[in-house]
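Everything below belongs to coords.pdb, which stores PDB, C-alpha atoms.
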ATOM      1  CA  MET A  87      46.606 -14.787  -7.754
ATOM      2  CA  ARG A  88      45.858 -11.760  -9.948
ATOM      3  CA  THR A  89      42.603 -13.335 -11.084
ATOM      4  CA  ILE A  90      41.436 -13.887  -7.518
ATOM      5  CA  LEU A  91      42.308 -10.306  -6.538
ATOM      6  CA  PHE A  92      40.469  -8.989  -9.608
ATOM      7  CA  ILE A  93      37.377 -11.039  -8.727
ATOM      8  CA  LEU A  94      37.439  -9.738  -5.142
ATOM      9  CA  LEU A  95      37.841  -6.185  -6.368
ATOM     10  CA  SER A  96      34.937  -6.586  -8.791
ATOM     11  CA  LEU A  97      32.698  -7.981  -6.065
ATOM     12  CA  SER A  98      33.522  -5.187  -3.656
ATOM     13  CA  ILE A  99      32.909  -2.396  -6.150
ATOM     14  CA  GLY A 100      29.995  -3.959  -8.089
ATOM     15  CA  ALA A 101      27.187  -1.542  -7.200
ATOM     16  CA  ALA A 102      29.378   1.539  -7.454
ATOM     17  CA  ASN A 103      29.860   0.811 -11.153
ATOM     18  CA  ALA A 104      26.144   0.807 -12.032
ATOM     19  CA  THR A 105      25.396   2.964 -15.068
ATOM     20  CA  ILE A 106      22.838   5.726 -14.575
ATOM     21  CA  ILE A 107      20.794   6.753 -17.622
ATOM     22  CA  THR A 108      18.928  10.067 -17.650
ATOM     23  CA  THR A 109      16.137  11.658 -19.647
ATOM     24  CA  GLY A 110      14.929  15.261 -19.586
ATOM     25  CA  ASN A 111      16.528  17.943 -17.425
ATOM     26  CA  VAL A 112      19.017  16.013 -15.273
ATOM     27  CA  THR A 113      22.395  17.496 -14.355
ATOM     28  CA  THR A 114      25.274  15.914 -12.481
ATOM     29  CA  THR A 115      27.755  17.367 -10.010
ATOM     30  CA  GLY A 116      30.108  14.639  -8.835
ATOM     31  CA  SER A 117      27.821  11.825  -7.668
ATOM     32  CA  THR A 118      24.827  14.112  -7.034
ATOM     33  CA  TYR A 119      22.006  14.315  -9.589
ATOM     34  CA  SER A 120      19.602  17.262  -9.946
ATOM     35  CA  ILE A 121      16.333  16.199 -11.576
ATOM     36  CA  SER A 122      14.115  19.107 -12.630
ATOM     37  CA  ASN A 123      10.835  19.563 -14.481
ATOM     38  CA  GLY A 124      12.130  22.849 -15.974
ATOM     39  CA  ASN A 125      13.818  23.397 -19.355
ATOM     40  CA  SER A 126      14.348  20.279 -21.491
ATOM     41  CA  SER A 127      11.560  18.381 -19.724
ATOM     42  CA  ILE A 128       9.878  15.515 -21.521
ATOM     43  CA  SER A 129       6.266  14.349 -21.463
ATOM     44  CA  ASP A 130       4.878  12.138 -18.718
ATOM     45  CA  VAL A 131       4.191   9.428 -21.332
ATOM     46  CA  ASP A 132       7.874   9.474 -22.351
ATOM     47  CA  ILE A 133       8.906   9.167 -18.689
ATOM     48  CA  GLU A 134       6.512   6.230 -18.233
ATOM     49  CA  THR A 135       8.087   4.518 -21.254
ATOM     50  CA  PHE A 136      11.590   5.322 -19.989
ATOM     51  CA  ALA A 137      10.765   3.892 -16.540
ATOM     52  CA  GLY A 138       8.916   0.836 -17.872
ATOM     53  CA  LEU A 139       5.632   2.014 -16.321
ATOM     54  CA  SER A 140       2.168   1.576 -17.839
ATOM     55  CA  GLU A 141       0.806   4.544 -19.757
ATOM     56  CA  GLY A 142      -1.312   6.695 -17.440
ATOM     57  CA  SER A 143       0.261   5.348 -14.245
ATOM     58  CA  LEU A 144       1.860   8.700 -13.324
ATOM     59  CA  ASP A 145      -1.465  10.525 -13.829
ATOM     60  CA  ALA A 146      -3.208   7.927 -11.644
ATOM     61  CA  PHE A 147      -0.470   8.270  -9.022
ATOM     62  CA  SER A 148      -0.748  12.063  -8.832
ATOM     63  CA  THR A 149      -3.599  14.452  -8.045
ATOM     64  CA  GLY A 150      -4.194  15.388 -11.672
ATOM     65  CA  ASP A 151      -2.644  15.566 -15.115
ATOM     66  CA  ALA A 152       1.109  14.956 -14.893
ATOM     67  CA  THR A 153       2.411  16.986 -17.816
ATOM     68  CA  GLU A 154       6.212  16.937 -18.022
ATOM     69  CA  GLY A 155       9.341  16.127 -16.095
ATOM     70  CA  ALA A 156      12.654  14.309 -15.993
ATOM     71  CA  ALA A 157      14.058  11.080 -14.561
ATOM     72  CA  LEU A 158      17.072   8.857 -14.101
ATOM     73  CA  THR A 159      17.220   5.076 -14.027
ATOM     74  CA  THR A 160      19.713   2.352 -13.214
ATOM     75  CA  THR A 161      19.739  -1.412 -12.819
ATOM     76  CA  PHE A 162      21.291  -3.448  -9.999
ATOM     77  CA  ASP A 163      21.727  -7.159  -9.348
ATOM     78  CA  LEU A 164      20.723  -7.421  -5.696
ATOM     79  CA  PHE A 165      20.596 -10.277  -3.237
ATOM     80  CA  ASP A 166      18.251 -11.133  -0.413
ATOM     81  CA  SER A 167      19.053  -8.865   2.591
ATOM     82  CA  ASP A 168      20.939  -6.204   0.555
ATOM     83  CA  THR A 169      19.756  -2.651   1.244
ATOM     84  CA  LEU A 170      19.444  -0.043  -1.510
ATOM     85  CA  SER A 171      19.433   3.565  -0.312
ATOM     86  CA  PHE A 172      19.890   7.143  -1.467
ATOM     87  CA  ASP A 173      19.572  10.623   0.017
ATOM     88  CA  TRP A 174      17.226  13.207  -1.484
ATOM     89  CA  LEU A 175      16.450  16.913  -1.183
ATOM     90  CA  TRP A 176      13.208  18.400  -2.608
ATOM     91  CA  GLY A 177      12.649  21.981  -3.693
ATOM     92  CA  THR A 178       9.607  23.591  -5.339
ATOM     93  CA  VAL A 179       8.176  27.067  -5.888
ATOM     94  CA  GLU A 180       4.604  25.774  -5.721
ATOM     95  CA  SER A 181       2.734  26.068  -2.427
ATOM     96  CA  ALA A 182       0.067  24.123  -0.573
ATOM     97  CA  ALA A 183      -2.435  26.774  -1.703
ATOM     98  CA  ASP A 184      -1.941  25.483  -5.295
ATOM     99  CA  TRP A 185      -3.010  21.942  -4.338
ATOM    100  CA  PRO A 186      -4.605  19.818  -5.836
ATOM    101  CA  ASP A 187      -4.668  21.502  -9.265
ATOM    102  CA  TYR A 188      -0.913  22.036  -9.280
ATOM    103  CA  ASN A 189       1.057  19.452  -7.354
ATOM    104  CA  ASP A 190       4.581  18.814  -8.624
ATOM    105  CA  PHE A 191       5.924  15.604  -7.151
ATOM    106  CA  ALA A 192       9.023  13.417  -6.926
ATOM    107  CA  PHE A 193       8.638   9.669  -7.267
ATOM    108  CA  VAL A 194      10.597   6.445  -7.078
ATOM    109  CA  SER A 195       9.835   3.347  -9.081
ATOM    110  CA  PHE A 196      11.679   0.359  -7.665
ATOM    111  CA  GLY A 197      11.353  -3.367  -7.991
ATOM    112  CA  LEU A 198      12.353  -6.463  -9.871
ATOM    113  CA  ALA A 199      12.818  -5.750 -13.572
ATOM    114  CA  GLY A 200       9.382  -5.463 -15.185
ATOM    115  CA  SER A 201       7.470  -5.084 -11.923
ATOM    116  CA  GLY A 202       8.444  -1.793 -10.262
ATOM    117  CA  ASN A 203       6.178  -0.136  -7.711
ATOM    118  CA  LEU A 204       5.664   3.635  -7.449
ATOM    119  CA  TYR A 205       6.491   5.465  -4.222
ATOM    120  CA  LEU A 206       6.006   9.159  -3.448
ATOM    121  CA  LEU A 207       9.145  10.922  -2.202
ATOM    122  CA  ALA A 208       7.723  14.432  -1.961
ATOM    123  CA  ASP A 209       5.107  16.837  -3.303
ATOM    124  CA  ILE A 210       3.947  20.353  -2.431
ATOM    125  CA  LEU A 211       2.187  19.013   0.685
ATOM    126  CA  THR A 212       5.265  17.220   2.030
ATOM    127  CA  THR A 213       5.508  17.773   5.768
ATOM    128  CA  GLY A 214       8.270  16.961   8.180
ATOM    129  CA  GLY A 215      11.032  18.347   5.992
ATOM    130  CA  THR A 216      11.923  18.389   2.364
ATOM    131  CA  ASP A 217      14.760  15.899   2.532
ATOM    132  CA  GLY A 218      15.266  12.332   3.554
ATOM    133  CA  THR A 219      16.709   8.940   2.813
ATOM    134  CA  PHE A 220      14.956   6.327   0.722
ATOM    135  CA  SER A 221      15.903   2.840   1.871
ATOM    136  CA  TRP A 222      14.708  -0.563   0.714
ATOM    137  CA  LEU A 223      15.613  -3.958   2.182
ATOM    138  CA  VAL A 224      15.637  -6.536  -0.611
ATOM    139  CA  ASP A 225      13.719  -9.726   0.179
ATOM    140  CA  THR A 226      14.140 -11.521  -3.159
ATOM    141  CA  SER A 227      17.394 -11.802  -5.114
ATOM    142  CA  GLY A 228      17.276 -10.608  -8.718
ATOM    143  CA  THR A 229      17.778  -7.743 -11.144
ATOM    144  CA  TYR A 230      16.186  -4.551  -9.812
ATOM    145  CA  VAL A 231      15.383  -1.335 -11.659
ATOM    146  CA  LEU A 232      15.478   2.000  -9.829
ATOM    147  CA  THR A 233      13.900   5.059 -11.462
ATOM    148  CA  ILE A 234      13.717   8.448  -9.750
ATOM    149  CA  GLY A 235      11.805  11.343 -11.311
ATOM    150  CA  VAL A 236      10.131  14.723 -10.938
ATOM    151  CA  LEU A 237       6.882  15.730 -12.653
ATOM    152  CA  ASP A 238       4.775  18.845 -13.147
ATOM    153  CA  VAL A 239       1.067  18.417 -12.477
ATOM    154  CA  GLY A 240      -1.489  20.685 -14.155
ATOM    155  CA  ASP A 241       1.024  23.154 -15.602
ATOM    156  CA  THR A 242       4.422  23.584 -17.214
ATOM    157  CA  SER A 243       5.211  26.966 -15.656
ATOM    158  CA  PHE A 244       6.711  26.351 -12.226
ATOM    159  CA  ASP A 245       9.822  24.280 -11.657
ATOM    160  CA  SER A 246      10.574  21.756  -8.965
ATOM    161  CA  THR A 247      13.873  19.986  -8.407
ATOM    162  CA  LEU A 248      14.958  16.840  -6.624
ATOM    163  CA  ARG A 249      18.613  16.376  -5.725
ATOM    164  CA  VAL A 250      19.698  12.752  -5.296
ATOM    165  CA  GLY A 251      23.013  11.519  -3.931
ATOM    166  CA  ASN A 252      24.750   8.715  -2.085
ATOM    167  CA  ILE A 253      23.083   5.946  -4.094
ATOM    168  CA  ALA A 254      24.418   2.869  -2.323
ATOM    169  CA  ILE A 255      23.924  -0.830  -1.807
ATOM    170  CA  ASP A 256      24.766  -2.100   1.650
ATOM    171  CA  VAL A 257      25.640  -5.779   1.761
ATOM    172  CA  PRO A 258      25.035  -7.491   5.106
ATOM    173  CA  GLU A 259      28.228  -8.230   7.056
ATOM    174  CA  PRO A 260      28.051 -12.055   6.891
ATOM    175  CA  THR A 261      28.105 -11.843   3.095
ATOM    176  CA  SER A 262      31.063  -9.444   3.119
ATOM    177  CA  LEU A 263      32.955 -11.678   5.516
ATOM    178  CA  ALA A 264      32.167 -14.753   3.431
ATOM    179  CA  ILE A 265      33.516 -13.047   0.299
ATOM    180  CA  LEU A 266      36.665 -11.972   2.161
ATOM    181  CA  GLY A 267      37.080 -15.484   3.569
ATOM    182  CA  LEU A 268      36.759 -17.061   0.116
ATOM    183  CA  GLY A 269      39.311 -14.607  -1.225
ATOM    184  CA  LEU A 270      41.781 -15.370   1.545
ATOM    185  CA  LEU A 271      41.211 -19.089   1.082
ATOM    186  CA  GLY A 272      41.925 -18.703  -2.632
ATOM    187  CA  LEU A 273      45.097 -16.736  -1.892
ATOM    188  CA  GLY A 274      46.194 -19.445   0.523
ATOM    189  CA  PHE A 275      45.688 -22.193  -2.061
ATOM    190  CA  SER A 276      47.418 -20.100  -4.685
ATOM    191  CA  SER A 277      50.543 -19.474  -2.561
ATOM    192  CA  ARG A 278      50.561 -23.094  -1.334
ATOM    193  CA  LYS A 279      50.488 -24.329  -4.925
ATOM    194  CA  LYS A 280      53.475 -22.091  -5.826
ATOM    195  CA  SER A 281      55.586 -23.298  -2.892
ATOM    196  CA  LYS A 282      55.296 -27.002  -3.932
TER     197      LYS A 282
END

Here is a file; write its structure as structure tokens.
Amino acid sequence: MRTILFILLSLSIGAANATIITTGNVTTTGSTYSISNGNSSISDVDIETFAGLSEGSLDAFSTGDATEGAALTTTFDLFDSDTLSFDWLWGTVESAADWPDYNDFAFVSFGLAGSGNLYLLADILTTGGTDGTFSWLVDTSGTYVLTIGVLDVGDTSFDSTLRVGNIAIDVPEPTSLAILGLGLLGLGFSSRKKSK
């Protein structure tokens, strides 16, 4: 019975136990991460290596020469119809008047291990607010890598920060109910076996 309860507990907490690895200027307060391209930043090439991206991909993704930044990464085993999400808040001292020469940006690289795609979260031209929720519905089961980062473009003088929190994996209800049902079935067999 203890084994079955342990398995159920492990299944229900799985994603919450994912290890987050950071590089550059990343600080943590509780479960919120602040990623900044300020002090302790590392080169864009080092971030590309850290994120498993091709060299030059961050320059090609931006409006110019991505110079330095910071990032965090984690790996999840996800199933078809799971949803990965996190909340973000963007802050920068650069202005639209600095664009395109200076265009700090926040990015997400997400996908099956070895094949992540880049997505823009925010830059100095971001309209409609400087916060949001990134959400991705998984269509293929497998091991996924999530990398979130902030980069300077064209300079190393002005800092930008991305705050990330509430990293979560939502499992569709039928799967949750199936896991609960299997657990209860196992408990029933276990107690039935003891009473004989």

Practice item. Taking the file above as input, evaluate the PyMOL selection byres ((chain A and resi 159) around 8) and report the hits as number ranges by chain. Key: A: 106-108, 137, 157-158, 160-161, 231-234

I need the residues from that last selection saved to file as a PDB file, in the coordinates of the input (with C-alpha atoms), if you can.
ATOM      1  CA  ILE A 106      22.838   5.726 -14.575  1.00  0.00           C
ATOM      2  CA  ILE A 107      20.794   6.753 -17.622  1.00  0.00           C
ATOM      3  CA  THR A 108      18.928  10.067 -17.650  1.00  0.00           C
ATOM      4  CA  ALA A 137      10.765   3.892 -16.540  1.00  0.00           C
ATOM      5  CA  ALA A 157      14.058  11.080 -14.561  1.00  0.00           C
ATOM      6  CA  LEU A 158      17.072   8.857 -14.101  1.00  0.00           C
ATOM      7  CA  THR A 160      19.713   2.352 -13.214  1.00  0.00           C
ATOM      8  CA  THR A 161      19.739  -1.412 -12.819  1.00  0.00           C
ATOM      9  CA  VAL A 231      15.383  -1.335 -11.659  1.00  0.00           C
ATOM     10  CA  LEU A 232      15.478   2.000  -9.829  1.00  0.00           C
ATOM     11  CA  THR A 233      13.900   5.059 -11.462  1.00  0.00           C
ATOM     12  CA  ILE A 234      13.717   8.448  -9.750  1.00  0.00           C
TER      13      ILE A 234
END

Practice item. Tell me, as a list in words, which residues lie within 9 Å of Gly138 of chain A, counting all atoms listed in the file; anything in the same chain fewer than 5 positions away does not count. Key: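 Once the adjacent positions are removed, what remains is Ile133, Ala199, Gly200, Ser201 and Gly202 of chain A.
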
Point to revise | Given the PyMOL selection byres ((chain A and resi 147) around 12), the residues it picks as JSON, numbers by chain | key: {"A": [130, 134, 139, 140, 141, 142, 143, 144, 145, 146, 148, 149, 150, 151, 152, 189, 190, 191, 192, 193, 194, 195, 203, 204, 205, 206, 209, 237, 239]}

Review point. Which residue gives the smallest distance to Phe162 of chain A among A:Leu268, A:Ile210, A:Val224, A:Ala104, with only C-alpha atoms counted?
Key: A:Ala104

Point to revise | Atomic distance atom CA of Leu223 of chain A - atom CA of Ile253 of chain A, expressed in Å with one decimal | key: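 For atom CA of Leu223 of chain A relative to atom CA of Ile253 of chain A, the distance reads 13.9 Å.
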
Review point. Rounded to one decimal in Å, what is the spacing between atom CA of Gly251 of chain A and atom CA of Gly218 of chain A?
Key: 10.8 Å

Review point. Pick from A:Ser227, A:Ser126, A:Asn111, A:Thr219: nearest to Thr247 of chain A, with all atoms listed in the file counted?
Key: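 Closest residue, counting all atoms listed in the file: A:Asn111.
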
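Excluding Gly177 of chain A itself and same-chain residues fewer than 4 positions from it, the residues having an atom within 9 Å of it are Ile210, Thr216, Asp217, Asp245, Ser246, Thr247, Leu248 and Arg249 of chain A, counting all atoms listed in the file.
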
Review point. So how far away is atom CA of Asn123 of chain A from atom CA of Tyr188 of chain A, in Å?
Key: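 One can read the atom CA of Tyr188 of chain A to atom CA of Asn123 of chain A distance as 13.1 Å.
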
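Restricting the calculation to only C-alpha atoms, the smallest distance between Leu211 of chain A and any of A:Trp185, A:Phe136, A:Phe165, A:Phe172 is found for A:Trp185.
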